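**Student:** There's a structure below that I have some questions on.
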Amino acid sequence: MIIIASLTATGLTACGENRGKSAPRVNGNQVVIDIGGGTAEIDTTTLAVSAIAAGHRLDLSAPAVGDLGSAGTVTVDDDAAQWRYPDRGLTVTATARDGRLRMTVHSDRDQQLAWPVTGGDPTSEALQLPRGEGLSLPVRDPFWNGPGTGLVGEPIAMTSGLTMPFWGYRLAGRGVSYLVPTDIGSSLTVHSDNGRLLASAAHDFDARADTRRYTVTFALTDDSPVAAAKDYRDWLQRHGEFRSLQDKIDENPAITRLLGAFHAYLWGDGRDPDTVRHMLELGLSRMWLGYDADEHPLSAAAVQAAKDSGYLAGPYDSWANAQDPATADNPSSVWPGLYPDGCVRRSDGTPETGFGGRGCYLSSEVLEQNPQLYRDRYTRMTGNGADTYFLDVDAAGEFFDDFGTGHPMNQRQDRENRLARLRWLADDRKQVLGSESAGAWAAPALAFDHGAQTPVSDLLWTLQRDRETWGGYAPARAPGVYFKPVDLPAAAVTAMFDPAYRVPLYETALHDSIINLDRWELSYYKLPQQRTMRALTAILYNTPLNFVLDRATLDAHGAEMARLQQFFAPLHQAVGTRAMTDFRRLTDDHLVQRSVFGDGALVVTANFGTRDYDGLPGGCVDARLQGEPTPRRLCPAQ
């Protein structure tokens with residue numbers, strides 16, 4: 001396994017300084033490597049990592065958890081240092097690349113390594129965590145150190161629990177970013193230690209899983225609350241793993257219809273052609289319209305009405321669940337000839353139970369062996385002329401090891417299979433493609449996602465299981481689970497929607513690559529108490545709102561939707577393909593925030609508080625496009 005620790009110089013050194021290779025030096029049990037912004041030191045007896053920056057020592061990682069055994073002799077070859085822990089079968093390589101310290105650990109056996117252990121530096125102030133869009137958590141915050149957040153103590157899989165495989169800390173006047181390119185098999189656990197938030201990574205070395213190599217990078221950064229995301233964006237671009245939204249538009253011009261559009265899922269009479277046409281009459285100039293893959297899809301006439309209005313319309317489908325065709329409760333779970341033999345099988349031979357305890361997870365390897373099955377499904381689903389497609393689950397990062405006879409696969413193969421079919425939809429079929437809670441690894445294949453903006457807490461899943469409060473799946477034309485307004489418990493509001501903690505890590509890294517929204521079951525009108533916050537966030541982050549609609553909802557709220565969309569549309573059309581280049585919090589309570597897109601093409605200031613700030617009332621947002629003499633103002637609650 002290879003562990004790579006990399007320290008970048010974001011905000012600490014001039015552009016280009018210390019960006020190339022640097023020969024390591026050995027000083028006793030210390031390996032010393034020059035990096036951007038300072039010097040990294042690795043204790044070979046423990047794997048503790050520190051840095052000297054501007055005359056200050058920073059603790060970047062405590063020793064690895066557990067006994068490593070005696071370290072072998074350090075050898076230096078050109079620009080890399082290497083040593084072994086024979087008792088553990090671990091070989092470590094340390095080098096500097098692009099201003100970062102990169103360490104690589106290889107294991108010759110199946111085992112786990114818990115490292116790095118971060119946040120122990122006494123100057124640590126805040127933990128940056130890409131949970132959904134992103135969080136910045138003061139390390140001594142009583143709420144986040146408490147038991148009711150669904151965060152502390154449980155390992156977070158880097159492929160599914162985080163939207164991007166990094167985390168960061170803000171220290172006194174600077175920061176540090178930790179990046180794990182080898183995300184499969186890796187996890188992060190947040191601990192509360194004497195009232196302070198620590199974050200420790202772990203990696204499972206497994207030959208069958210092809211995870212015998214582990215890479216971690218550390219980067220010295222500035223003290224911005226989004227510095228770790230800037231470092232990750234730089235890493236993506238340097239490694240050829242970033243694909244811009246403009247490049248996607250150049251290959252499929254239909255994607256331009258997403259710029260300025262709000263998104264909505266249609267139910268009941270919301271799917272009538274007349275209702276679709278009424279949206280344009282209300283002033284909704286651009287919309288993405290989705291519908292569940294049930295017995296009543298959008299008709300060809302309704303799809304045509306959407307196209308005539310300049311909208312996109314298409315199905316919400318899933319290729320990840322299978323049920324017995326005789327008893328299946330959803331058409332998308334029916335795969336002729338694949339149940340139960342096509343189920344993902346655990347090592348004991350039992351099937352991996354599917355969504356909500358129904359059926360099983362369908363092996364992506366089975367579909368990869370029989371691609372005509374999903375291609376035929378696609379043909380049926382788009383027979384009405386649909387020009388956009390939402391494929392549930394595939395981008396969310398929940399991968400499986402499959403021990404099924406005839407279709408064995410590991411999680412790496414599962415991801416490759418999902419990427420292949422996403423690319424088939426986007427590149428071969430030219431669909432405007434979306435998926436659920438897209439991890440950064442899937443962003444190059446997608447135009448949009450629903451869910452990666454939401455920093456989901458376990459508190460939400462607990463609430464959703466209370467059907468009396470949250471709503472059930474009846475009536476079919478307007479299920480309460482989507483339409484019934486709900487007031488969230490205070491802890492869930494804090495964990496998911498408190499603007500004092502939320503920061504745009506995802507937008508900083510990927511705004512000009514993929515259009516990011518909240519989860520579809522958390523539609524704008526589902527959570528009435530969060531409407532103002534979510535509207536301000538949409539303008540501040542330059543991201544669309546997501547709705548669930550029938551005719552009654554449209555009649556009740558259509559005018560408000562149109563007002564919000566008409567404010568949002570010109571801003572998103574102007575900079576939806578541009579990077580978020582700056583984000584900062586302007587007040588000590590973090591409730592006044594500013595974002596910048598492009599080279600000042602759009603500057604947005606949002607006041608989430610109740611007091612005026614420099615003439616901007618609480619609950620309002622100002623947005624100034626380059627060249628405009630005065631900003632546009634939106635106060636959603638008025």
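Going by the structure tokens order, chains are called A, B, ..., each with residues numbered from 1, while ligands are numbered from 1 in the order shown.
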Write out as an MDAnalysis selection string each polymer residue whose atoms come within 8 Å of region 588-601 of chain A, counting only C-alpha atoms; drop sequence neighbours fewer than 4 positions from it.
**Tutor:** chainID A and resid 499:501 540:541 574:575 578:584 605:609 613 625:626
**Student:** Write a file of the just-selected residues containing C-alpha atoms, as a JSON list (two decimals), in the first residue's frame.
**Tutor:**
```json
[["chain", "number", "residue", "atom", "x", "y", "z"],
["A", 499, "PRO", "CA", -25.27, 28.68, 7.39],
["A", 500, "ALA", "CA", -22.73, 29.33, 10.14],
["A", 501, "TYR", "CA", -21.32, 25.84, 9.49],
["A", 540, "LEU", "CA", -24.72, 32.61, -3.11],
["A", 541, "TYR", "CA", -23.54, 29.26, -4.50],
["A", 574, "ALA", "CA", -23.70, 34.28, -16.87],
["A", 575, "VAL", "CA", -21.41, 32.18, -14.65],
["A", 578, "ARG", "CA", -17.30, 29.65, -14.54],
["A", 579, "ALA", "CA", -15.35, 28.67, -11.42],
["A", 580, "MET", "CA", -16.18, 29.88, -7.93],
["A", 581, "THR", "CA", -12.94, 31.77, -7.35],
["A", 582, "ASP", "CA", -13.46, 33.15, -3.85],
["A", 583, "PHE", "CA", -15.58, 32.58, -0.77],
["A", 584, "ARG", "CA", -15.35, 34.31, 2.56],
["A", 605, "THR", "CA", -23.29, 38.85, -0.74],
["A", 606, "ALA", "CA", -25.84, 36.98, 1.37],
["A", 607, "ASN", "CA", -27.05, 38.02, 4.83],
["A", 608, "PHE", "CA", -28.38, 34.96, 6.67],
["A", 609, "GLY", "CA", -28.73, 36.94, 9.91],
["A", 613, "TYR", "CA", -24.88, 44.53, 7.12],
["A", 625, "LEU", "CA", -22.85, 41.10, -12.45],
["A", 626, "GLN", "CA", -19.68, 42.61, -13.86]]
```
**Student:** Any idea what's packed within 9 Å of Arg277 (chain A), counting only C-alpha atoms, ignoring anything in its chain fewer than 6 positions away? Could you give it as a list in words?
**Tutor:**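 Residues near the query, excluding close chain neighbours: Ala302, Ala305, Ala306, Asp308 and Ser309 of chain A.
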**Student:** Keeping all heavy atoms, export the residues of the selection given above as an mmCIF file, in the first residue's frame.
**Tutor:**
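Final file, result-v5.cif:
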```cif
data_model
loop_
_atom_site.group_PDB
_atom_site.id
_atom_site.type_symbol
_atom_site.label_atom_id
_atom_site.label_comp_id
_atom_site.auth_asym_id
_atom_site.auth_seq_id
_atom_site.Cartn_x
_atom_site.Cartn_y
_atom_site.Cartn_z
ATOM 1 N N ALA A 302 -46.676 15.557 -23.379
ATOM 2 C CA ALA A 302 -46.150 16.377 -22.290
ATOM 3 C C ALA A 302 -44.665 16.664 -22.497
ATOM 4 O O ALA A 302 -44.200 17.781 -22.227
ATOM 5 C CB ALA A 302 -46.381 15.675 -20.956
ATOM 6 N N ALA A 305 -44.489 19.303 -25.022
ATOM 7 C CA ALA A 305 -44.846 20.596 -24.423
ATOM 8 C C ALA A 305 -43.654 21.186 -23.680
ATOM 9 O O ALA A 305 -43.414 22.404 -23.714
ATOM 10 C CB ALA A 305 -46.037 20.433 -23.479
ATOM 11 N N ALA A 306 -42.897 20.317 -22.982
ATOM 12 C CA ALA A 306 -41.700 20.774 -22.287
ATOM 13 C C ALA A 306 -40.671 21.311 -23.279
ATOM 14 O O ALA A 306 -40.091 22.385 -23.086
ATOM 15 C CB ALA A 306 -41.107 19.641 -21.454
ATOM 16 N N ASP A 308 -41.200 22.472 -26.259
ATOM 17 C CA ASP A 308 -41.708 23.703 -26.851
ATOM 18 C C ASP A 308 -41.494 24.901 -25.930
ATOM 19 O O ASP A 308 -41.377 26.042 -26.389
ATOM 20 C CB ASP A 308 -43.199 23.567 -27.166
ATOM 21 C CG ASP A 308 -43.469 22.572 -28.301
ATOM 22 O OD1 ASP A 308 -42.525 22.244 -29.044
ATOM 23 O OD2 ASP A 308 -44.626 22.121 -28.421
ATOM 24 N N SER A 309 -41.449 24.631 -24.616
ATOM 25 C CA SER A 309 -41.233 25.694 -23.627
ATOM 26 C C SER A 309 -39.755 25.968 -23.378
ATOM 27 O O SER A 309 -39.409 26.851 -22.591
ATOM 28 C CB SER A 309 -41.913 25.316 -22.303
ATOM 29 O OG SER A 309 -43.313 25.182 -22.471
#
```
**Student:** Just want the 8 Å neighbourhood of Leu68 (chain A), counted on only C-alpha atoms, with same-chain residues fewer than 3 positions away dropped. Output as a list of chain:residue names.
**Tutor:**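 Listing them by chain and then by number gives A:Thr45, A:Thr46, A:Ala64, A:Ala71, A:Tyr85, A:Asp87, A:Arg88.
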**Student:** Could you write out that same residue set with C-alpha atoms as a CSV table (one decimal), in the first residue's frame?
**Tutor:**
```csv
chain,number,residue,atom,x,y,z
A,45,THR,CA,9.5,5.2,13.8
A,46,THR,CA,5.8,6.2,14.1
A,64,ALA,CA,-0.2,5.8,13.3
A,71,ALA,CA,11.6,0.7,10.8
A,85,TYR,CA,8.2,-2.0,8.5
A,87,ASP,CA,6.8,-6.9,11.0
A,88,ARG,CA,3.8,-5.3,9.3
```
**Student:** Pick out the residues sitting within 7 Å of region 240-254 of chain A, and hand them over as a PyMOL selection string; count only C-alpha atoms, and ignore anything fewer than 6 positions along from it in its own chain.
**Tutor:** chain A and resi 430+432+444+447+512-514+577
**Student:** Would you export the selected residues with N, CA and C atoms as a PDB file, in the first residue's frame, please?
**Tutor:**
```pdb
ATOM      1  N   LYS A 430     -26.043  10.974 -25.844  1.00  0.00           N
ATOM      2  CA  LYS A 430     -26.160  12.434 -25.780  1.00  0.00           C
ATOM      3  C   LYS A 430     -27.314  12.890 -24.884  1.00  0.00           C
ATOM      4  N   VAL A 432     -28.767  14.598 -21.466  1.00  0.00           N
ATOM      5  CA  VAL A 432     -28.378  15.529 -20.405  1.00  0.00           C
ATOM      6  C   VAL A 432     -28.517  14.742 -19.111  1.00  0.00           C
ATOM      7  N   PRO A 444     -17.001  14.002 -14.091  1.00  0.00           N
ATOM      8  CA  PRO A 444     -16.707  14.118 -15.523  1.00  0.00           C
ATOM      9  C   PRO A 444     -17.764  13.512 -16.435  1.00  0.00           C
ATOM     10  N   ALA A 447     -23.825  15.981 -16.154  1.00  0.00           N
ATOM     11  CA  ALA A 447     -24.111  17.401 -16.299  1.00  0.00           C
ATOM     12  C   ALA A 447     -24.639  17.989 -14.997  1.00  0.00           C
ATOM     13  N   ASP A 512     -17.757  24.711 -11.980  1.00  0.00           N
ATOM     14  CA  ASP A 512     -17.722  24.807 -13.434  1.00  0.00           C
ATOM     15  C   ASP A 512     -17.556  23.456 -14.101  1.00  0.00           C
ATOM     16  N   SER A 513     -17.874  22.376 -13.358  1.00  0.00           N
ATOM     17  CA  SER A 513     -17.852  21.033 -13.928  1.00  0.00           C
ATOM     18  C   SER A 513     -19.221  20.377 -13.901  1.00  0.00           C
ATOM     19  N   ILE A 514     -19.990  20.588 -12.823  1.00  0.00           N
ATOM     20  CA  ILE A 514     -21.266  19.897 -12.639  1.00  0.00           C
ATOM     21  C   ILE A 514     -22.223  20.809 -11.882  1.00  0.00           C
ATOM     22  N   THR A 577     -20.913  28.254 -16.027  1.00  0.00           N
ATOM     23  CA  THR A 577     -19.751  27.526 -16.550  1.00  0.00           C
ATOM     24  C   THR A 577     -18.438  28.122 -16.064  1.00  0.00           C
TER      25      THR A 577
END
```
**Student:** Find the residues around region 359-364 of chain A up to 9 Å (only C-alpha atoms counted), leave out those fewer than 2 positions away in its own chain, and share them as a ChimeraX atom specification.
**Tutor:** /A:319-324,328,333,338-340,342-345,351-357,366-369,400,402,404,407-409,413-415,417-418
**Student:** Return as JSON, numbers by chain the full set of residues in region 357-553 of chain A whose backbone-based DSSP assignment is alpha helix (DSSP H).
**Tutor:** {"A": [364, 365, 366, 367, 368, 369, 371, 372, 373, 374, 375, 376, 377, 378, 379, 380, 381, 411, 412, 413, 414, 415, 416, 417, 418, 419, 420, 421, 422, 423, 458, 459, 460, 461, 462, 463, 464, 467, 468, 469, 470, 480, 481, 482, 483, 490, 491, 492, 493, 494, 495, 496, 497, 505, 506, 507, 508, 509, 510, 531, 532, 533, 534, 535, 536, 537, 538, 539, 540, 541, 551, 552, 553]}
**Student:** Can you pull out every residue within 8 Å of region 525-527 of chain A, counting only C-alpha atoms, but drop anything in the same chain fewer than 2 positions away, and send it as a list in words?
**Tutor:** Tyr482, Phe483, Lys484, Pro485, Val486, Asp487, Leu488, Glu521, Leu522, Ser523, Gln529, Gln530, Arg531, Phe547 and Val548 of chain A
**Student:** Give the answer as one residue: which of A:Ala535, A:Leu586, A:Ala219, A:Ala556 has the shortest atom-to-atom distance to Gly38 (chain A), using only C-alpha atoms?
**Tutor:**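 Between A:Ala535, A:Leu586, A:Ala219, A:Ala556, the residue approaching Gly38 (chain A) most closely is A:Ala219.
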**Student:** Record the distance separating CA of Ala490 (chain A) and CA of Phe143 (chain A), expressed in Å with one decimal.
**Tutor:**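 Pair CA of Ala490 (chain A) / CA of Phe143 (chain A) returns 11.2 Å.
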**Student:** Hey, which of A:Arg25, A:Arg131, A:Arg212, A:Arg380 ends up closest to Asp317 (chain A)? Count only C-alpha atoms.
**Tutor:**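 The shortest atom-to-atom distance to Asp317 (chain A) comes from A:Arg380.
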**Student:** Give me, as a ChimeraX atom specification, all polymer residues having an atom no more than 8 Å from Gly576 (chain A), counting only C-alpha atoms and skipping those fewer than 2 positions away in the same chain.
**Tutor:** /A:259,511-512,515,542,571-574,578
**Student:** For a test of reading the model, state the distance in Å between CA of Gly619 (chain A) and CA of Leu545 (chain A), rounded to one decimal.
**Tutor:**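 About the pair CA of Gly619 (chain A) and CA of Leu545 (chain A): they are 17.0 Å apart.
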**Student:** Run DSSP on the backbone of this structure and report the residues of region 566-636 of chain A it assigns to strand (DSSP E), as a PyMOL selection string.
**Tutor:** chain A and resi 580-585+592-597+602-607+620-625+632-634
**Student:** Only N, CA, C and O atoms, please: the residues just picked out, written as a tab-separated table (two decimals), in the first residue's frame.
**Tutor:**
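In the end it all went to selection_34.tsv:
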```tsv
chain	number	residue	atom	x	y	z
A	580	MET	N	-16.07	29.06	-9.13
A	580	MET	CA	-16.18	29.88	-7.93
A	580	MET	C	-14.75	30.17	-7.48
A	580	MET	O	-14.02	29.25	-7.08
A	581	THR	N	-14.34	31.42	-7.57
A	581	THR	CA	-12.94	31.77	-7.35
A	581	THR	C	-12.66	32.32	-5.96
A	581	THR	O	-11.49	32.43	-5.57
A	582	ASP	N	-13.70	32.66	-5.20
A	582	ASP	CA	-13.46	33.15	-3.85
A	582	ASP	C	-14.71	32.95	-3.01
A	582	ASP	O	-15.84	33.04	-3.51
A	583	PHE	N	-14.50	32.65	-1.74
A	583	PHE	CA	-15.58	32.58	-0.77
A	583	PHE	C	-15.03	33.03	0.56
A	583	PHE	O	-13.94	32.60	0.97
A	584	ARG	N	-15.79	33.88	1.24
A	584	ARG	CA	-15.35	34.31	2.56
A	584	ARG	C	-16.56	34.66	3.42
A	584	ARG	O	-17.64	34.97	2.91
A	585	ARG	N	-16.35	34.59	4.73
A	585	ARG	CA	-17.38	34.96	5.69
A	585	ARG	C	-17.00	36.31	6.28
A	585	ARG	O	-15.88	36.49	6.76
A	592	VAL	N	-22.92	36.44	7.41
A	592	VAL	CA	-22.83	37.24	6.19
A	592	VAL	C	-21.68	36.68	5.37
A	592	VAL	O	-20.54	36.59	5.86
A	593	GLN	N	-21.98	36.28	4.14
A	593	GLN	CA	-21.01	35.54	3.33
A	593	GLN	C	-20.95	36.13	1.92
A	593	GLN	O	-21.95	36.66	1.42
A	594	ARG	N	-19.78	35.98	1.31
A	594	ARG	CA	-19.60	36.52	-0.04
A	594	ARG	C	-18.94	35.48	-0.92
A	594	ARG	O	-18.01	34.78	-0.50
A	595	SER	N	-19.41	35.37	-2.17
A	595	SER	CA	-18.82	34.48	-3.16
A	595	SER	C	-18.49	35.28	-4.41
A	595	SER	O	-19.13	36.29	-4.71
A	596	VAL	N	-17.48	34.80	-5.14
A	596	VAL	CA	-17.06	35.43	-6.39
A	596	VAL	C	-16.90	34.34	-7.43
A	596	VAL	O	-16.37	33.26	-7.15
A	597	PHE	N	-17.35	34.63	-8.65
A	597	PHE	CA	-17.26	33.68	-9.76
A	597	PHE	C	-16.47	34.31	-10.90
A	597	PHE	O	-16.66	35.49	-11.22
A	602	LEU	N	-19.24	37.72	-11.32
A	602	LEU	CA	-20.40	37.80	-10.43
A	602	LEU	C	-19.89	37.85	-9.00
A	602	LEU	O	-19.07	37.02	-8.60
A	603	VAL	N	-20.38	38.81	-8.22
A	603	VAL	CA	-20.08	38.91	-6.80
A	603	VAL	C	-21.41	38.88	-6.05
A	603	VAL	O	-22.32	39.67	-6.35
A	604	VAL	N	-21.53	37.95	-5.10
A	604	VAL	CA	-22.78	37.77	-4.36
A	604	VAL	C	-22.51	37.93	-2.87
A	604	VAL	O	-21.55	37.35	-2.34
A	605	THR	N	-23.36	38.70	-2.19
A	605	THR	CA	-23.29	38.85	-0.74
A	605	THR	C	-24.63	38.45	-0.15
A	605	THR	O	-25.66	39.01	-0.54
A	606	ALA	N	-24.61	37.48	0.75
A	606	ALA	CA	-25.84	36.98	1.37
A	606	ALA	C	-25.80	37.24	2.87
A	606	ALA	O	-24.79	36.98	3.53
A	607	ASN	N	-26.92	37.75	3.40
A	607	ASN	CA	-27.05	38.02	4.83
A	607	ASN	C	-28.05	37.03	5.42
A	607	ASN	O	-29.26	37.20	5.29
A	620	CYS	N	-31.63	38.74	3.08
A	620	CYS	CA	-31.57	39.23	1.70
A	620	CYS	C	-30.21	38.92	1.09
A	620	CYS	O	-29.23	38.64	1.80
A	621	VAL	N	-30.15	39.00	-0.23
A	621	VAL	CA	-28.92	38.73	-0.96
A	621	VAL	C	-28.77	39.76	-2.07
A	621	VAL	O	-29.74	40.13	-2.73
A	622	ASP	N	-27.54	40.26	-2.24
A	622	ASP	CA	-27.20	41.16	-3.33
A	622	ASP	C	-26.31	40.42	-4.32
A	622	ASP	O	-25.36	39.71	-3.91
A	623	ALA	N	-26.58	40.58	-5.61
A	623	ALA	CA	-25.78	39.94	-6.65
A	623	ALA	C	-25.45	40.98	-7.71
A	623	ALA	O	-26.35	41.59	-8.29
A	624	ARG	N	-24.16	41.18	-7.94
A	624	ARG	CA	-23.74	42.17	-8.92
A	624	ARG	C	-22.98	41.49	-10.06
A	624	ARG	O	-21.91	40.90	-9.85
A	625	LEU	N	-23.55	41.57	-11.25
A	625	LEU	CA	-22.85	41.10	-12.45
A	625	LEU	C	-21.86	42.16	-12.90
A	625	LEU	O	-22.09	43.36	-12.76
A	632	ARG	N	-28.27	43.54	-7.94
A	632	ARG	CA	-29.67	43.09	-7.88
A	632	ARG	C	-29.91	42.57	-6.47
A	632	ARG	O	-29.05	41.92	-5.90
A	633	ARG	N	-31.10	42.80	-5.92
A	633	ARG	CA	-31.38	42.37	-4.55
A	633	ARG	C	-32.60	41.44	-4.53
A	633	ARG	O	-33.60	41.69	-5.18
A	634	LEU	N	-32.47	40.38	-3.75
A	634	LEU	CA	-33.57	39.45	-3.53
A	634	LEU	C	-33.76	39.26	-2.03
A	634	LEU	O	-32.81	38.94	-1.31
```
